[in-house]
Amino acid sequence: LEVAEIVIWLDAYVDRAPSAAPLRLNAAGIDRADWVLVGHSHFDHIADAGHIAKNSGATVIGSALTCEIVQEEGVPAARVTPCAGGETLQLGPLRLRLFPSLHGFNGLREWPDPKGRDTRARRDDLRKQAPELCEAALAHLAHIPEKQRQDGGPLAYLLEWDGFRLFWHDTPGMVTSSWEAVAAYRPDVALLSIAPSTPNVD
């Protein structure tokens with residue numbers, strides 16, 4: 001997101017799994033950022049936040065776990081802002097409001113399955129449907145640091161500038177009171193997660 005020459009990253013997963021479609025850039029080449037907003041601490045949202053912050057001097061905003069992860073990767077404590085939801089921050093010309101949220105249920109882990117399957121049965125079904133993709137995903141997951149397997153307490157973000165409001169949330173979970181508060185601001189655009197997950201409400 002670029003507003004009045006301010007560059008804000010919404011999550012930071014650039015150097016993705018080998019099975020993913022290639023991008024035109026890599027994390028090591030990103031040196032322009034003022035802030036990195038991390039919705040939650042899973043690897044596929046945070047993996048390159050530390051690299052981008054170190055290369056660019058950006059400040060990372062996210063949960064306490066998010067801030068702990070990037071500090072362990074070398075981002076100075078002065079350039080992390082741990083939040084839990086309920087904060088209002090000023091990012092240059094933008095006002096940022098944070099709301100507590102939840103992660104969606106993940107299809108590879110435990111979640112309420114309408115067919116009554118357990119995790120093993122779901123993985124077996126996925127292996128039958130897309131064996132190569134499933135094996136590549138599981139192989140990639142095997143190398144993920146333990147802290148990046150935890151969501152850390154998801155956050156939803158409302159960004160405001162020049163009378164425009166953008167709501168962003170990176171996983172299909174929700175806290176009703178947070179969404180009601182966001183709706184009262186009447187955002188112009190909502191960027192919401194569309195993922196193979198079961199929504200997690202309250």
# chains A, B, ... in the order shown; residues from 1 in each chain; ligands from 1
call {"tool": "select_by_dssp", "arguments": {"residues": "segment 52-165 of chain A", "states": "alpha helix (DSSP H)", "output": "VMD selection string"}}
result
chain A and resid 52 to 56 64 to 72 119 to 129 131 to 141
call {"tool": "residues_around", "arguments": {"residues": "segment 177-187 of chain A", "least_positions_apart": "6", "cutoff": "12 Å", "atoms": "only C-alpha atoms", "output": "PDB file with N, CA and C atoms, in the first residue's frame"}}
result
ATOM      1  N   GLY A  85      -5.059  -5.069  19.855  1.00  0.00           N
ATOM      2  CA  GLY A  85      -6.377  -4.639  19.412  1.00  0.00           C
ATOM      3  C   GLY A  85      -6.903  -3.577  20.352  1.00  0.00           C
ATOM      4  N   GLY A  86      -7.508  -2.541  19.776  1.00  0.00           N
ATOM      5  CA  GLY A  86      -8.008  -1.424  20.565  1.00  0.00           C
ATOM      6  C   GLY A  86      -7.128  -0.185  20.438  1.00  0.00           C
ATOM      7  N   LEU A  96      -4.325   4.516  11.909  1.00  0.00           N
ATOM      8  CA  LEU A  96      -4.482   3.065  11.930  1.00  0.00           C
ATOM      9  C   LEU A  96      -5.229   2.673  13.194  1.00  0.00           C
ATOM     10  N   ARG A  97      -6.332   1.951  13.037  1.00  0.00           N
ATOM     11  CA  ARG A  97      -7.088   1.417  14.169  1.00  0.00           C
ATOM     12  C   ARG A  97      -6.963  -0.098  14.131  1.00  0.00           C
ATOM     13  N   LEU A  98      -6.694  -0.699  15.299  1.00  0.00           N
ATOM     14  CA  LEU A  98      -6.514  -2.148  15.379  1.00  0.00           C
ATOM     15  C   LEU A  98      -7.648  -2.774  16.172  1.00  0.00           C
ATOM     16  N   PHE A  99      -8.038  -3.973  15.743  1.00  0.00           N
ATOM     17  CA  PHE A  99      -9.155  -4.685  16.361  1.00  0.00           C
ATOM     18  C   PHE A  99      -8.744  -6.125  16.631  1.00  0.00           C
ATOM     19  N   PRO A 100      -9.080  -6.666  17.807  1.00  0.00           N
ATOM     20  CA  PRO A 100      -8.769  -8.077  18.073  1.00  0.00           C
ATOM     21  C   PRO A 100      -9.605  -8.988  17.196  1.00  0.00           C
ATOM     22  N   SER A 101      -9.012 -10.113  16.792  1.00  0.00           N
ATOM     23  CA  SER A 101      -9.733 -11.036  15.928  1.00  0.00           C
ATOM     24  C   SER A 101      -9.356 -12.470  16.241  1.00  0.00           C
ATOM     25  N   LEU A 102      -9.732 -13.372  15.341  1.00  0.00           N
ATOM     26  CA  LEU A 102      -9.465 -14.801  15.471  1.00  0.00           C
ATOM     27  C   LEU A 102      -8.956 -15.347  14.149  1.00  0.00           C
ATOM     28  N   PRO A 154      -4.590 -12.963  16.205  1.00  0.00           N
ATOM     29  CA  PRO A 154      -4.803 -12.170  14.984  1.00  0.00           C
ATOM     30  C   PRO A 154      -5.355 -10.776  15.255  1.00  0.00           C
ATOM     31  N   LEU A 155      -5.008  -9.874  14.354  1.00  0.00           N
ATOM     32  CA  LEU A 155      -5.465  -8.496  14.409  1.00  0.00           C
ATOM     33  C   LEU A 155      -6.103  -8.115  13.081  1.00  0.00           C
ATOM     34  N   ALA A 156      -7.107  -7.258  13.154  1.00  0.00           N
ATOM     35  CA  ALA A 156      -7.714  -6.669  11.961  1.00  0.00           C
ATOM     36  C   ALA A 156      -7.387  -5.183  11.980  1.00  0.00           C
ATOM     37  N   TYR A 157      -7.242  -4.582  10.792  1.00  0.00           N
ATOM     38  CA  TYR A 157      -6.741  -3.217  10.676  1.00  0.00           C
ATOM     39  C   TYR A 157      -7.708  -2.351   9.868  1.00  0.00           C
ATOM     40  N   LEU A 158      -7.930  -1.136  10.355  1.00  0.00           N
ATOM     41  CA  LEU A 158      -8.671  -0.127   9.604  1.00  0.00           C
ATOM     42  C   LEU A 158      -7.723   1.039   9.377  1.00  0.00           C
ATOM     43  N   LEU A 159      -7.426   1.329   8.110  1.00  0.00           N
ATOM     44  CA  LEU A 159      -6.533   2.424   7.749  1.00  0.00           C
ATOM     45  C   LEU A 159      -7.369   3.560   7.172  1.00  0.00           C
ATOM     46  N   GLU A 160      -7.075   4.788   7.608  1.00  0.00           N
ATOM     47  CA  GLU A 160      -7.834   5.958   7.161  1.00  0.00           C
ATOM     48  C   GLU A 160      -6.875   7.040   6.677  1.00  0.00           C
ATOM     49  N   TRP A 161      -7.170   7.622   5.517  1.00  0.00           N
ATOM     50  CA  TRP A 161      -6.407   8.758   5.036  1.00  0.00           C
ATOM     51  C   TRP A 161      -7.268   9.523   4.029  1.00  0.00           C
ATOM     52  N   GLY A 163     -10.004  10.978   4.131  1.00  0.00           N
ATOM     53  CA  GLY A 163     -11.424  10.644   4.102  1.00  0.00           C
ATOM     54  C   GLY A 163     -11.745   9.264   3.562  1.00  0.00           C
ATOM     55  N   PHE A 164     -10.709   8.474   3.235  1.00  0.00           N
ATOM     56  CA  PHE A 164     -10.890   7.123   2.693  1.00  0.00           C
ATOM     57  C   PHE A 164     -10.569   6.110   3.780  1.00  0.00           C
ATOM     58  N   ARG A 165     -11.360   5.021   3.832  1.00  0.00           N
ATOM     59  CA  ARG A 165     -11.139   3.996   4.857  1.00  0.00           C
ATOM     60  C   ARG A 165     -10.999   2.627   4.208  1.00  0.00           C
ATOM     61  N   LEU A 166      -9.929   1.930   4.579  1.00  0.00           N
ATOM     62  CA  LEU A 166      -9.632   0.589   4.077  1.00  0.00           C
ATOM     63  C   LEU A 166      -9.592  -0.370   5.255  1.00  0.00           C
ATOM     64  N   PHE A 167     -10.404  -1.413   5.192  1.00  0.00           N
ATOM     65  CA  PHE A 167     -10.392  -2.440   6.235  1.00  0.00           C
ATOM     66  C   PHE A 167      -9.674  -3.660   5.688  1.00  0.00           C
ATOM     67  N   TRP A 168      -8.752  -4.212   6.486  1.00  0.00           N
ATOM     68  CA  TRP A 168      -7.976  -5.376   6.037  1.00  0.00           C
ATOM     69  C   TRP A 168      -7.921  -6.415   7.146  1.00  0.00           C
ATOM     70  N   HIS A 169      -8.229  -7.647   6.753  1.00  0.00           N
ATOM     71  CA  HIS A 169      -8.117  -8.770   7.675  1.00  0.00           C
ATOM     72  C   HIS A 169      -7.643  -9.981   6.889  1.00  0.00           C
ATOM     73  N   VAL A 201     -16.060 -17.906  14.239  1.00  0.00           N
ATOM     74  CA  VAL A 201     -16.785 -16.741  14.731  1.00  0.00           C
ATOM     75  C   VAL A 201     -16.832 -16.770  16.253  1.00  0.00           C
ATOM     76  N   ASP A 202     -16.323 -15.701  16.869  1.00  0.00           N
ATOM     77  CA  ASP A 202     -16.320 -15.559  18.324  1.00  0.00           C
ATOM     78  C   ASP A 202     -15.733 -16.786  19.017  1.00  0.00           C
TER      79      ASP A 202
END
call {"tool": "atom_distance", "arguments": {"atom1": "atom CA of Leu138 of chain A", "atom2": "atom CA of Trp9 of chain A"}}
result
27.0 Å
call {"tool": "select_by_dssp", "arguments": {"residues": "segment 81-144 of chain A", "states": "strand (DSSP E)", "output": "list in words"}}
result
Thr81, Pro82, Thr88, Leu89, Gln90, Leu91, Leu94, Arg95, Leu96, Arg97, Leu98, Phe99, Pro100, Phe105 and Asn106 of chain A
call {"tool": "atom_distance", "arguments": {"atom1": "atom CA of Ala47 of chain A", "atom2": "atom CA of Leu191 of chain A"}}
result
20.3 Å
call {"tool": "residues_around", "arguments": {"residues": "Ala139 of chain A", "least_positions_apart": "6", "cutoff": "12 Å", "atoms": "only C-alpha atoms", "output": "ChimeraX atom specification"}}
result
/A:17-19,132-133
call {"tool": "closest_atom_pairs", "arguments": {"of": "segment 42-77 of chain A", "to": "segment 29-37 of chain A", "cutoff": "9 Å", "atoms": "only C-alpha atoms", "output": "CSV"}}
result
residue,atom,partner,partner_atom,distance
A:Ala49,CA,A:Val36,CA,6.6
A:His51,CA,A:Ile30,CA,8.3
A:Ile52,CA,A:Ile30,CA,6.0
A:Ala53,CA,A:Val36,CA,7.3
A:Lys54,CA,A:Asp31,CA,8.5
A:Asn55,CA,A:Asp31,CA,5.0
A:Ser56,CA,A:Asp31,CA,4.4
A:Gly57,CA,A:Asp34,CA,6.9
A:Ala58,CA,A:Asp34,CA,4.3
A:Thr59,CA,A:Trp35,CA,4.8
A:Val60,CA,A:Val36,CA,4.7
A:Ile61,CA,A:Leu37,CA,4.9
A:Gly62,CA,A:Leu37,CA,6.2
call {"tool": "atom_distance", "arguments": {"atom1": "atom CA of Ala136 of chain A", "atom2": "atom CA of Val38 of chain A"}}
result
25.0 Å
call {"tool": "decode", "arguments": {"residues": "segment 162-199 of chain A", "atoms": "N, CA, C and O atoms", "output": "short mmCIF file (atom, residue, chain, number, x, y, z; two decimals), in the first residue's frame"}}
result
data_model
loop_
_atom_site.label_atom_id
_atom_site.label_comp_id
_atom_site.auth_asym_id
_atom_site.auth_seq_id
_atom_site.Cartn_x
_atom_site.Cartn_y
_atom_site.Cartn_z
N ASP A 162 -7.17 10.82 4.08
CA ASP A 162 -7.90 11.70 3.15
C ASP A 162 -9.38 11.34 3.03
O ASP A 162 -9.95 11.37 1.94
N GLY A 163 -10.00 10.98 4.13
CA GLY A 163 -11.42 10.64 4.10
C GLY A 163 -11.75 9.26 3.56
O GLY A 163 -12.92 8.90 3.42
N PHE A 164 -10.71 8.47 3.23
CA PHE A 164 -10.89 7.12 2.69
C PHE A 164 -10.57 6.11 3.78
O PHE A 164 -9.62 6.30 4.55
N ARG A 165 -11.36 5.02 3.83
CA ARG A 165 -11.14 4.00 4.86
C ARG A 165 -11.00 2.63 4.21
O ARG A 165 -11.85 2.21 3.42
N LEU A 166 -9.93 1.93 4.58
CA LEU A 166 -9.63 0.59 4.08
C LEU A 166 -9.59 -0.37 5.26
O LEU A 166 -8.83 -0.15 6.20
N PHE A 167 -10.40 -1.41 5.19
CA PHE A 167 -10.39 -2.44 6.24
C PHE A 167 -9.67 -3.66 5.69
O PHE A 167 -9.94 -4.10 4.56
N TRP A 168 -8.75 -4.21 6.49
CA TRP A 168 -7.98 -5.38 6.04
C TRP A 168 -7.92 -6.41 7.15
O TRP A 168 -7.63 -6.11 8.30
N HIS A 169 -8.23 -7.65 6.75
CA HIS A 169 -8.12 -8.77 7.68
C HIS A 169 -7.64 -9.98 6.89
O HIS A 169 -8.17 -10.29 5.82
N ASP A 170 -6.63 -10.71 7.43
CA ASP A 170 -5.95 -11.71 6.62
C ASP A 170 -6.32 -13.16 6.92
O ASP A 170 -5.61 -14.07 6.49
N THR A 171 -7.40 -13.40 7.64
CA THR A 171 -7.81 -14.78 7.92
C THR A 171 -9.32 -14.81 8.15
O THR A 171 -9.88 -13.81 8.59
N PRO A 172 -9.99 -15.91 7.83
CA PRO A 172 -11.45 -15.94 7.97
C PRO A 172 -11.93 -16.28 9.38
O PRO A 172 -12.63 -17.26 9.60
N GLY A 173 -11.51 -15.48 10.35
CA GLY A 173 -12.04 -15.55 11.70
C GLY A 173 -12.60 -14.20 12.03
O GLY A 173 -12.26 -13.20 11.39
N MET A 174 -13.48 -14.12 13.02
CA MET A 174 -14.01 -12.80 13.36
C MET A 174 -14.49 -12.75 14.80
O MET A 174 -14.90 -13.76 15.37
N VAL A 175 -14.38 -11.55 15.37
CA VAL A 175 -14.96 -11.24 16.67
C VAL A 175 -16.09 -10.26 16.39
O VAL A 175 -15.85 -9.17 15.86
N THR A 176 -17.31 -10.65 16.69
CA THR A 176 -18.47 -9.85 16.31
C THR A 176 -18.35 -8.40 16.75
O THR A 176 -18.62 -7.48 15.98
N SER A 177 -17.93 -8.18 18.00
CA SER A 177 -17.85 -6.80 18.49
C SER A 177 -16.84 -5.97 17.69
O SER A 177 -17.04 -4.78 17.46
N SER A 178 -15.75 -6.60 17.23
CA SER A 178 -14.77 -5.90 16.40
C SER A 178 -15.39 -5.51 15.06
O SER A 178 -15.24 -4.37 14.59
N TRP A 179 -16.11 -6.45 14.46
CA TRP A 179 -16.70 -6.17 13.14
C TRP A 179 -17.78 -5.10 13.24
O TRP A 179 -17.94 -4.28 12.35
N GLU A 180 -18.54 -5.11 14.34
CA GLU A 180 -19.56 -4.08 14.54
C GLU A 180 -18.89 -2.71 14.69
O GLU A 180 -19.38 -1.71 14.15
N ALA A 181 -17.76 -2.66 15.41
CA ALA A 181 -17.04 -1.40 15.57
C ALA A 181 -16.49 -0.92 14.23
O ALA A 181 -16.58 0.27 13.90
N VAL A 182 -15.94 -1.83 13.43
CA VAL A 182 -15.43 -1.47 12.11
C VAL A 182 -16.56 -0.95 11.23
O VAL A 182 -16.42 0.07 10.54
N ALA A 183 -17.70 -1.64 11.24
CA ALA A 183 -18.83 -1.25 10.39
C ALA A 183 -19.29 0.17 10.69
O ALA A 183 -19.72 0.90 9.79
N ALA A 184 -19.17 0.59 11.95
CA ALA A 184 -19.59 1.94 12.33
C ALA A 184 -18.74 3.01 11.64
O ALA A 184 -19.19 4.14 11.45
N TYR A 185 -17.51 2.65 11.25
CA TYR A 185 -16.65 3.60 10.52
C TYR A 185 -16.97 3.63 9.02
O TYR A 185 -16.42 4.45 8.29
N ARG A 186 -17.80 2.73 8.55
CA ARG A 186 -18.21 2.66 7.14
C ARG A 186 -17.00 2.65 6.19
O ARG A 186 -16.79 3.58 5.41
N PRO A 187 -16.20 1.57 6.23
CA PRO A 187 -15.04 1.52 5.33
C PRO A 187 -15.47 1.53 3.86
O PRO A 187 -16.53 1.02 3.52
N ASP A 188 -14.62 2.12 3.02
CA ASP A 188 -14.90 2.18 1.58
C ASP A 188 -14.54 0.88 0.88
O ASP A 188 -15.19 0.48 -0.08
N VAL A 189 -13.48 0.22 1.36
CA VAL A 189 -13.01 -1.02 0.76
C VAL A 189 -12.65 -1.99 1.89
O VAL A 189 -12.10 -1.57 2.91
N ALA A 190 -12.97 -3.26 1.69
CA ALA A 190 -12.56 -4.30 2.63
C ALA A 190 -11.74 -5.34 1.88
O ALA A 190 -12.20 -5.87 0.87
N LEU A 191 -10.54 -5.60 2.37
CA LEU A 191 -9.70 -6.69 1.85
C LEU A 191 -9.82 -7.82 2.84
O LEU A 191 -9.31 -7.73 3.96
N LEU A 192 -10.48 -8.90 2.44
CA LEU A 192 -10.78 -9.99 3.36
C LEU A 192 -10.18 -11.29 2.85
O LEU A 192 -10.02 -11.49 1.65
N SER A 193 -9.90 -12.19 3.77
CA SER A 193 -9.31 -13.47 3.42
C SER A 193 -10.33 -14.36 2.72
O SER A 193 -11.47 -14.50 3.16
N ILE A 194 -9.92 -14.96 1.63
CA ILE A 194 -10.69 -16.02 0.98
C ILE A 194 -9.76 -17.22 0.95
O ILE A 194 -8.78 -17.24 0.22
N ALA A 195 -10.03 -18.19 1.81
CA ALA A 195 -9.10 -19.31 1.99
C ALA A 195 -9.88 -20.59 2.20
O ALA A 195 -11.05 -20.56 2.56
N PRO A 196 -9.22 -21.75 1.98
CA PRO A 196 -9.91 -23.03 2.20
C PRO A 196 -10.00 -23.36 3.68
O PRO A 196 -9.51 -24.36 4.14
N SER A 197 -10.59 -22.44 4.43
CA SER A 197 -10.73 -22.60 5.87
C SER A 197 -12.19 -22.45 6.26
O SER A 197 -12.96 -21.83 5.55
N THR A 198 -12.52 -22.99 7.39
CA THR A 198 -13.86 -22.81 7.93
C THR A 198 -13.86 -21.54 8.78
O THR A 198 -13.01 -21.40 9.64
N PRO A 199 -14.81 -20.63 8.57
CA PRO A 199 -14.84 -19.42 9.38
C PRO A 199 -14.93 -19.74 10.88
O PRO A 199 -15.58 -20.69 11.27
#
